[in-house]
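Shown here: input.tsv, TSV, C-alpha atoms.
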```
chain	number	residue	atom	x	y	z
A	300	MET	CA	27.84	18.57	20.81
A	301	ASP	CA	28.17	15.30	22.67
A	302	LYS	CA	30.19	12.93	20.44
A	303	GLU	CA	28.55	9.91	22.13
A	304	CYS	CA	24.99	11.16	21.47
A	305	SER	CA	23.25	9.60	18.46
A	306	ILE	CA	21.14	12.74	17.93
A	307	CYS	CA	24.22	14.97	18.01
A	308	GLN	CA	25.73	12.63	15.40
A	309	GLN	CA	22.64	13.03	13.17
A	310	VAL	CA	22.79	16.82	13.51
A	311	ASP	CA	26.50	16.75	12.69
A	312	SER	CA	25.81	14.57	9.63
A	313	TRP	CA	23.24	17.14	8.45
A	314	ARG	CA	25.72	19.98	9.00
A	315	GLN	CA	28.14	18.12	6.74
A	316	GLY	CA	25.45	17.67	4.08
A	317	GLY	CA	24.96	13.95	4.54
A	318	ASN	CA	21.50	13.40	5.98
A	319	PRO	CA	18.75	12.69	3.41
A	320	PHE	CA	16.22	12.23	6.22
A	321	VAL	CA	16.07	15.97	7.04
A	322	ILE	CA	12.76	17.52	6.04
A	323	ALA	CA	13.42	21.06	7.25
A	324	GLU	CA	15.63	23.17	9.44
A	325	PHE	CA	13.91	25.35	12.01
A	326	ASP	CA	15.60	27.86	14.30
A	327	HIS	CA	16.16	25.31	17.07
A	328	CYS	CA	15.37	21.92	15.54
A	329	LEU	CA	15.83	19.70	12.57
A	330	TRP	CA	12.65	17.99	11.43
A	331	VAL	CA	13.54	14.48	10.20
A	332	VAL	CA	11.85	11.42	8.77
A	333	SER	CA	12.01	8.44	11.08
A	334	PRO	CA	14.20	5.61	9.74
A	335	HIS	CA	11.14	3.35	9.98
A	336	GLN	CA	7.64	4.02	8.77
A	337	PHE	CA	5.56	1.57	10.78
A	338	HIS	CA	3.36	4.63	11.29
A	339	GLN	CA	3.15	6.26	7.85
A	340	GLY	CA	4.51	9.81	8.12
A	341	TYR	CA	6.33	9.25	11.43
A	342	THR	CA	8.85	12.06	12.00
A	343	LEU	CA	10.92	13.59	14.77
A	344	LEU	CA	12.15	17.02	15.74
A	345	LEU	CA	15.74	16.98	16.96
A	346	LEU	CA	17.06	19.90	18.98
A	347	LYS	CA	20.18	21.16	17.19
A	348	ASN	CA	22.03	21.81	20.47
A	349	HIS	CA	22.68	19.08	23.00
A	350	VAL	CA	20.30	19.63	25.91
A	351	ARG	CA	19.29	16.71	28.10
A	352	ASP	CA	15.78	17.65	29.30
A	353	LEU	CA	12.98	20.02	28.32
A	354	HIS	CA	13.20	21.78	31.69
A	355	ASP	CA	16.86	22.62	30.95
A	356	LEU	CA	15.90	24.76	27.94
A	357	GLU	CA	15.94	28.53	28.16
A	358	PRO	CA	12.30	29.75	28.26
A	359	ASN	CA	12.50	31.36	24.81
A	360	VAL	CA	13.99	28.16	23.29
A	361	HIS	CA	11.33	26.05	25.02
A	362	ASP	CA	8.56	28.20	23.56
A	363	ALA	CA	10.18	28.19	20.10
A	364	LEU	CA	10.58	24.41	20.20
A	365	PHE	CA	6.84	23.96	20.71
A	366	ARG	CA	6.07	26.41	17.89
A	367	GLU	CA	8.30	24.29	15.66
A	368	VAL	CA	6.51	21.12	16.83
A	369	ARG	CA	3.17	22.73	15.92
A	370	ILE	CA	4.40	23.77	12.45
A	371	ALA	CA	5.72	20.27	11.74
A	372	ALA	CA	2.56	18.59	13.05
A	373	GLN	CA	0.32	20.83	10.97
A	374	ALA	CA	2.31	19.96	7.84
A	375	ALA	CA	2.20	16.24	8.64
A	376	VAL	CA	-1.55	16.37	9.22
A	377	ALA	CA	-2.04	18.20	5.92
A	378	ALA	CA	0.16	15.67	4.08
A	379	TYR	CA	-1.20	12.46	5.60
A	380	GLN	CA	-4.67	13.27	7.00
A	381	PRO	CA	-4.30	11.06	10.10
A	382	TRP	CA	-7.12	10.33	12.51
A	383	ARG	CA	-4.94	11.68	15.31
A	384	MET	CA	-1.38	12.87	15.95
A	385	ASN	CA	0.55	11.43	18.89
A	386	TYR	CA	3.42	13.41	20.42
A	387	ALA	CA	6.17	12.00	22.63
A	388	SER	CA	9.30	13.38	24.24
A	389	LEU	CA	10.78	10.85	26.64
A	390	GLY	CA	14.56	10.90	26.43
A	391	ASN	CA	15.12	7.76	28.46
A	392	GLN	CA	17.20	6.00	25.82
A	393	VAL	CA	18.66	9.02	24.02
A	394	GLN	CA	19.16	11.82	26.50
A	395	HIS	CA	18.89	14.71	24.05
A	396	VAL	CA	15.72	16.75	23.61
A	397	HIS	CA	13.66	15.40	20.73
A	398	VAL	CA	9.96	15.05	19.94
A	399	HIS	CA	8.31	12.16	18.12
A	400	LEU	CA	5.34	12.90	15.84
A	401	PHE	CA	3.30	9.75	15.21
A	402	PRO	CA	0.41	10.09	12.76
A	403	ARG	CA	-2.25	7.58	13.77
A	404	TYR	CA	-4.95	6.19	11.54
A	405	GLU	CA	-8.30	4.66	12.40
A	406	ASN	CA	-7.43	1.61	10.31
A	407	ASP	CA	-4.26	0.98	12.37
A	408	PRO	CA	-4.85	-2.37	14.06
A	409	ASP	CA	-3.87	-0.88	17.45
A	410	HIS	CA	-4.83	2.77	16.98
A	411	LEU	CA	-6.04	3.09	20.58
A	412	GLN	CA	-2.69	1.88	21.96
A	413	HIS	CA	0.52	3.86	22.51
A	414	PRO	CA	2.62	4.23	19.33
A	415	TRP	CA	5.31	1.77	20.50
A	416	HIS	CA	2.76	-1.02	20.81
A	417	GLY	CA	3.95	-2.52	17.51
A	418	ALA	CA	7.66	-1.91	18.15
A	419	GLN	CA	8.58	-5.51	17.35
A	420	GLU	CA	7.59	-4.75	13.72
A	421	PHE	CA	9.49	-1.47	13.31
A	422	GLU	CA	12.53	-3.10	11.68
A	423	GLN	CA	10.32	-4.57	8.97
A	424	HIS	CA	9.37	-1.00	7.97
A	425	ARG	CA	12.89	0.46	7.62
A	426	ILE	CA	13.34	2.92	4.78
A	427	ASN	CA	16.35	4.00	2.76
A	428	GLY	CA	17.52	7.49	1.78
A	429	GLU	CA	15.55	7.48	-1.48
A	430	GLN	CA	12.31	6.59	0.33
A	431	ALA	CA	13.08	9.24	2.95
A	432	GLN	CA	13.45	11.82	0.18
A	433	GLU	CA	9.97	10.96	-1.15
A	434	ILE	CA	8.52	11.54	2.31
A	435	THR	CA	10.46	14.78	2.80
A	436	MET	CA	9.11	16.16	-0.48
A	437	ARG	CA	5.55	15.27	0.50
A	438	LEU	CA	5.92	17.02	3.86
A	439	ARG	CA	7.80	20.06	2.56
A	440	ALA	CA	4.89	20.76	0.21
A	441	HIS	CA	2.82	21.58	3.31
A	442	LEU	CA	5.23	23.91	5.09
```

Could I get this structure in the form of C-alpha cells?
Amino acid sequence: MDKECSICQQVDSWRQGGNPFVIAEFDHCLWVVSPHQFHQGYTLLLLKNHVRDLHDLEPNVHDALFREVRIAAQAAVAAYQPWRMNYASLGNQVQHVHVHLFPRYENDPDHLQHPWHGAQEFEQHRINGEQAQEITMRLRAHL
C-alpha cells in the first residue's frame, strides 16, 4: 500500500468496512461506483494491490484483471442497457492500476465523444453513500 495513493486509501477504507461505493470484491480488484454519475452506471475497477502500470502486473494477474473487467462490464450492460461501453485505463493522475467503465447512451448529447468530454459537469452529478448503495444493489443483481 502506498499511503499517498488515493486508490490505496479507498481500498484501505473498504478493508476497514467504510466504503459504501464498493459493488463487489473480485480476486484482484474492487468494483466501485464512481462518486459522480454524469454517465449513469459509471464504475471503476481498482486493483487491490498498488501497481503503477498494467505492464508491471504478473501475467496471471493481468489476465485475471481483464476477466474481472469483463464480468463487471457484462453486469453493467445488463443493468443499464447502454448503447456502448467505454473502457479506460490511463493512470496519469492516479498512478495505480484501475479501469473506468463508462456506459454510453445514444441520447447522451456527446455520445460520439470521449467520456471526459463533459468533465466540467461531473461535480454537478456527485452522489452520496445512499445513492451509491442503490446503484450497487442494481449492479449486484446482475453478477

Just want the 7 Å neighbourhood of Tyr386 of chain A, counted on all atoms listed in the file, with same-chain residues fewer than 5 positions away dropped. Output as a PyMOL selection string. chain A and resi 398-401

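Of the listed residues A:Gln423, A:Gln394, A:Pro334, A:Lys347, the one whose atoms come nearest to Trp313 of chain A is A:Lys347, with distances taken using all atoms listed in the file.
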
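Residues with any atom within 10 Å of Asn391 of chain A, counting all atoms listed in the file and excluding same-chain neighbours fewer than 4 positions away, are Arg351, Asp352 and His395 of chain A.
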
Using all atoms listed in the file, which of A:Asn406, A:Gly340, A:Glu303, A:Ser333 sits nearest Tyr379 of chain A?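 When distances to Tyr379 of chain A are compared using all atoms listed in the file, the smallest one comes from A:Gly340.
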
Contact table segment 344-434 of chain A vs segment 316-320 of chain A, cut-off 8 Å, shortest pair per residue, only C-alpha atoms, as CSV:
```
residue,atom,partner,partner_atom,distance
A:Gly428,CA,A:Pro319,CA,5.6
A:Glu429,CA,A:Pro319,CA,7.8
A:Ala431,CA,A:Phe320,CA,5.4
A:Gln432,CA,A:Pro319,CA,6.3
```

Any idea what's packed within 7 Å of His349 of chain A, counting all atoms listed in the file, ignoring anything in its chain fewer than 4 positions away? Could you give it as a list in words? Met300, Asp301, Cys307 and His395 of chain A

Just want the 7 Å neighbourhood of Ala378 of chain A, counted on all atoms listed in the file, with same-chain residues fewer than 5 positions away dropped. Output as a list of chain:residue names. A:Arg437, A:Leu438, A:His441

For the residues selected in the previous step, produce a file with C-alpha atoms as a short mmCIF file (atom, residue, chain, number, x, y, z; two decimals), in the frame of the given file.
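Result saved to part07.cif:
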```
data_model
loop_
_atom_site.label_atom_id
_atom_site.label_comp_id
_atom_site.auth_asym_id
_atom_site.auth_seq_id
_atom_site.Cartn_x
_atom_site.Cartn_y
_atom_site.Cartn_z
CA ARG A 437 5.55 15.27 0.50
CA LEU A 438 5.92 17.02 3.86
CA HIS A 441 2.82 21.58 3.31
#
```

What separation in Å, quoted to one decimal, exists between atom CA of His354 of chain A and atom CA of Ile306 of chain A?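 A separation of 18.3 Å between them.
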
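Atom pair atom CA of Leu364 of chain A / atom CA of His327 of chain A: separated by 6.5 Å.
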
Residue contacts of segment 408-419 of chain A (9 Å, only C-alpha atoms) excluding same-chain residues fewer than 3 positions away, as an MDAnalysis selection string: chainID A and resid 337:338 385 401 403:405 422:423

Could you tell me how far atom CA of Thr342 of chain A lies from atom CA of His397 of chain A, in Å and to one decimal?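 Those two atoms sit 10.5 Å apart.
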
Taking into account all atoms listed in the file, which residue in the set A:Cys304, A:Ala387, A:Ile370, A:Ile434 is nearest to Phe325 of chain A?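 Looking at the shortest contact to Phe325 of chain A, the residue is A:Ile370.
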